[in-house]
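Colleague: There's a structure below that I have some questions on.
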Amino acid sequence: MSASEAVTDTLRELHGRFAGVREGQPADYIPELARAVSDDFGLALVSMDGHAYGAGAADTPFTLQSVSKPFVYALALTALGLDEVTRWVGAEPSGEAFNAISLEHGTGRPANAMVNAGAIVTTALVPDTREAPAFQSILTCLSRFAGRKLDVDEGVYGSEAATGDRNRALAYLIRSTGALPVDPVAAVDTYFRQCAVRVTALDLAVMAATLAHGGVNPVTGERVVSPEVAAQVLAVMATCGMYDSSGDWLLRVGLPAKSGVSGGLIAAGPARFGLAAYSPLLDAAGTSVRGHAALAALSERFGLHLMRNPALPGSTVTLVTTADVLPSAPSGPHSRALRERVGVVAAQGALDFTAAERVLHALDESGGEPPGPVVLDLREVTGADSVALSLLHAGLSRLARDGRSAAVVDPGDRLGPPDLVRERTGQDLPRFGSVEEAAEHCAQTLAGPG
Ligand SMILES: NC(=O)CC[C@H](N)C(=O)O
């Protein structure tokens, strides 16, 4: 695992860039949250293949708070369908703070499922029976999104339960308008519990990646919700996830997102990545200051803005094999054992960051144990954007630093002209016209001068 460290390097770089930011403060209206460690700062990214990357405090536990809302919304949508859920909670940005006391004129419906009023209704919609109590279903659902068994931080739950009068007031107000179908006390209690479920930034990135991956957890392979529900949730996150700064966020960062007052923040690049940050210092809207800055920079760096960077045409498949199974293996003097140690990775189609990350990962997986030299076959590549190019250069340069030799089959100069490649990768990358020749060259390196 080293070429794909180039992705981690970017996370580390952004982590370093924002770790010194001291603006904002931890939420203190839930007393237990005020005890958070201000310096904690974690970043995480999970790909659609389930590759996970983290920097800083990516394993530090904290509570979900409002980041729970999209996932419980997904559960309610799964149980009742969009039309029934929409009878009780709308899907319009409220333009107000997360805890605003405001309901739609006439109907009493909360504006959307991302503000507290809407989330309390959403939680109340989750079927609650003796065999399947609502909170059990919620915890199970959140755990399936994260790909591991989550638990409740009882301290944070108790702290919010003891002080959460504003949310109780909201629930009573909702019932008084006739819109909340169940007991406000029970609904708010379940809501406080879901907010106190403990996660890490890496968990959050997996959860966001599951939404981005059409409802299938890319790490466990489990289908958690349908593709339709995943898309509905992402749509509401895009328009309402950041409360009264949702418009500005979509404009600048361009990704569906959700923030929480513990300092957790997720963003999802549909069919691309799940992103997450944790830092408890919050701005006035209740969003992590460092998290906001870091995810915005990450989106910019990796070209993830939805409106600016639609998926490139042409799928990219990378194929990992060893030189020994090539249709016409080199006929040179090298033994099967030697050729087996030469990895071959073939990429096809248009390369963007998504594709480039796959290629780097495939480079890491290729070659025997310990990993031998590798041939990167780019003949079927139709193009590469600048993000993909610089990531490939960085990955190849890391391989060289780690002492793994590489050769490319790149008759179309997809990696760029040799001079540029030399400058970017710090080496004269051997180039060949065919995989056979490249593999033969690599086997030669292994065999040594004698
Ligand atoms: N924005 C948030 O994260 C708010 C969640 C918190 N539990 C509350 O209801 O106040």
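Here's how to read the names in the structure tokens: chain A, B, ... by the order shown, residue numbers from 1 in each chain, ligand numbers from 1 in the order shown.
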Could you list, as a list in words, all protein and nucleic acid residues with an atom at most 7 Å from ligand 1, counting only C-alpha atoms and all ligand atoms?
Modeller: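 My answer, listing the contacting residues, is Gln65, Ser66, Val67, Phe98, Asn99, Asn116, Glu160, Asn167, Phe192, Cys195, Ser259, Gly260, Val261, Ser262 and Gly286 of chain A.
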Colleague: List the spatial neighbours of Met114 in chain A as a PyMOL selection string - criterion: any atom at most 7 Å away, only C-alpha atoms, same-chain residues fewer than 4 positions off excluded.
Modeller: chain A and resi 69-70+118-119+240-241
Colleague: Skipping near chain neighbours, those fewer than 2 positions away, what residues fall within 12 Å of Arg301 in chain A using only C-alpha atoms, listed as number ranges by chain?
Modeller: A: 7, 10-11, 13-14, 253, 294-299, 303-305, 309, 353, 386-388, 390-391
Colleague: Those residues with N, CA and C atoms, as a PDB file, in the first residue's frame please?
Modeller:
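Listing of result_31.pdb after writing:
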```
ATOM      1  N   VAL A   7      -3.176   9.733  -1.964  1.00  0.00           N
ATOM      2  CA  VAL A   7      -4.479  10.277  -1.553  1.00  0.00           C
ATOM      3  C   VAL A   7      -4.408  10.707  -0.091  1.00  0.00           C
ATOM      4  N   THR A  10      -2.688  13.953   0.453  1.00  0.00           N
ATOM      5  CA  THR A  10      -3.507  15.147   0.238  1.00  0.00           C
ATOM      6  C   THR A  10      -4.355  15.433   1.474  1.00  0.00           C
ATOM      7  N   LEU A  11      -4.940  14.376   2.058  1.00  0.00           N
ATOM      8  CA  LEU A  11      -5.720  14.576   3.286  1.00  0.00           C
ATOM      9  C   LEU A  11      -4.829  15.167   4.385  1.00  0.00           C
ATOM     10  N   GLU A  13      -2.146  16.875   4.036  1.00  0.00           N
ATOM     11  CA  GLU A  13      -1.760  18.257   3.706  1.00  0.00           C
ATOM     12  C   GLU A  13      -2.884  19.224   4.113  1.00  0.00           C
ATOM     13  N   LEU A  14      -4.133  18.861   3.763  1.00  0.00           N
ATOM     14  CA  LEU A  14      -5.255  19.741   4.114  1.00  0.00           C
ATOM     15  C   LEU A  14      -5.450  19.769   5.628  1.00  0.00           C
ATOM     16  N   VAL A 253     -19.080  24.559  -2.520  1.00  0.00           N
ATOM     17  CA  VAL A 253     -18.503  23.228  -2.340  1.00  0.00           C
ATOM     18  C   VAL A 253     -19.125  22.238  -3.320  1.00  0.00           C
ATOM     19  N   ALA A 294     -12.002  22.331   5.438  1.00  0.00           N
ATOM     20  CA  ALA A 294     -11.261  21.191   4.881  1.00  0.00           C
ATOM     21  C   ALA A 294     -12.069  20.479   3.793  1.00  0.00           C
ATOM     22  N   LEU A 295     -13.377  20.297   4.020  1.00  0.00           N
ATOM     23  CA  LEU A 295     -14.161  19.593   2.990  1.00  0.00           C
ATOM     24  C   LEU A 295     -14.313  20.468   1.748  1.00  0.00           C
ATOM     25  N   ALA A 296     -14.415  21.781   1.959  1.00  0.00           N
ATOM     26  CA  ALA A 296     -14.471  22.677   0.800  1.00  0.00           C
ATOM     27  C   ALA A 296     -13.180  22.560  -0.012  1.00  0.00           C
ATOM     28  N   ALA A 297     -12.057  22.528   0.685  1.00  0.00           N
ATOM     29  CA  ALA A 297     -10.759  22.441  -0.004  1.00  0.00           C
ATOM     30  C   ALA A 297     -10.600  21.078  -0.692  1.00  0.00           C
ATOM     31  N   LEU A 298     -11.103  20.042  -0.040  1.00  0.00           N
ATOM     32  CA  LEU A 298     -11.016  18.695  -0.603  1.00  0.00           C
ATOM     33  C   LEU A 298     -11.835  18.596  -1.890  1.00  0.00           C
ATOM     34  N   SER A 299     -13.032  19.167  -1.855  1.00  0.00           N
ATOM     35  CA  SER A 299     -13.889  19.159  -3.040  1.00  0.00           C
ATOM     36  C   SER A 299     -13.205  19.896  -4.185  1.00  0.00           C
ATOM     37  N   GLY A 303     -11.717  18.070  -7.455  1.00  0.00           N
ATOM     38  CA  GLY A 303     -12.647  18.362  -8.546  1.00  0.00           C
ATOM     39  C   GLY A 303     -14.002  17.704  -8.359  1.00  0.00           C
ATOM     40  N   LEU A 304     -14.567  17.782  -7.143  1.00  0.00           N
ATOM     41  CA  LEU A 304     -15.801  17.040  -6.855  1.00  0.00           C
ATOM     42  C   LEU A 304     -17.080  17.867  -6.962  1.00  0.00           C
ATOM     43  N   HIS A 305     -16.965  19.174  -7.238  1.00  0.00           N
ATOM     44  CA  HIS A 305     -18.180  20.008  -7.314  1.00  0.00           C
ATOM     45  C   HIS A 305     -19.136  19.393  -8.340  1.00  0.00           C
ATOM     46  N   ASN A 309     -18.222  19.355 -12.398  1.00  0.00           N
ATOM     47  CA  ASN A 309     -17.452  18.212 -12.855  1.00  0.00           C
ATOM     48  C   ASN A 309     -18.297  16.959 -12.980  1.00  0.00           C
ATOM     49  N   PHE A 353     -10.183  11.810 -11.128  1.00  0.00           N
ATOM     50  CA  PHE A 353      -9.658  11.430  -9.813  1.00  0.00           C
ATOM     51  C   PHE A 353     -10.163  10.059  -9.390  1.00  0.00           C
ATOM     52  N   SER A 386      -6.470  16.866 -15.406  1.00  0.00           N
ATOM     53  CA  SER A 386      -5.249  17.298 -14.722  1.00  0.00           C
ATOM     54  C   SER A 386      -5.152  16.699 -13.317  1.00  0.00           C
ATOM     55  N   VAL A 387      -6.306  16.501 -12.667  1.00  0.00           N
ATOM     56  CA  VAL A 387      -6.286  15.912 -11.324  1.00  0.00           C
ATOM     57  C   VAL A 387      -5.764  14.480 -11.404  1.00  0.00           C
ATOM     58  N   ALA A 388      -6.267  13.720 -12.383  1.00  0.00           N
ATOM     59  CA  ALA A 388      -5.839  12.330 -12.540  1.00  0.00           C
ATOM     60  C   ALA A 388      -4.352  12.274 -12.857  1.00  0.00           C
ATOM     61  N   SER A 390      -1.935  14.454 -12.156  1.00  0.00           N
ATOM     62  CA  SER A 390      -1.012  14.757 -11.070  1.00  0.00           C
ATOM     63  C   SER A 390      -1.049  13.662 -10.014  1.00  0.00           C
ATOM     64  N   LEU A 391      -2.201  13.022  -9.835  1.00  0.00           N
ATOM     65  CA  LEU A 391      -2.257  11.921  -8.864  1.00  0.00           C
ATOM     66  C   LEU A 391      -1.445  10.718  -9.362  1.00  0.00           C
TER      67      LEU A 391
END
```
Colleague: How many Å lie between CA of Thr210 in chain A and CA of Lys149 in chain A, rounded to one decimal?
Modeller: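 Spanning CA of Thr210 in chain A to CA of Lys149 in chain A is a straight-line distance of 15.6 Å.
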Colleague: What is the distance, in Å and to one decimal place, between CA of Met207 in chain A and CA of Phe145 in chain A?
Modeller: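 CA of Phe145 in chain A lies 4.8 Å from CA of Met207 in chain A.
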Colleague: Residues at most 12 Å from Ser159 in chain A, counting only C-alpha atoms, excluding those fewer than 6 positions away in the same chain, as a PyMOL selection string?
Modeller: chain A and resi 28-35+153+165+189+192-193+195-196
Colleague: Skipping near chain neighbours, those fewer than 3 positions away, what residues fall within 12 Å of Glu357 in chain A using only C-alpha atoms, listed as a ChimeraX atom specification?
Modeller: /A:2-8,45-53,272-273,302,316-318,347,351-354,360-364,387-395
Colleague: Pick out each residue of range 133-235 of chain A that DSSP on the backbone tags as alpha helix (DSSP H); I need them as a count of residues only.
Modeller: 68
Colleague: How many Å separate CA of Arg168 in chain A from CA of Pro133 in chain A?
Modeller: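 That distance, rounded to one decimal, is 20.5 Å.
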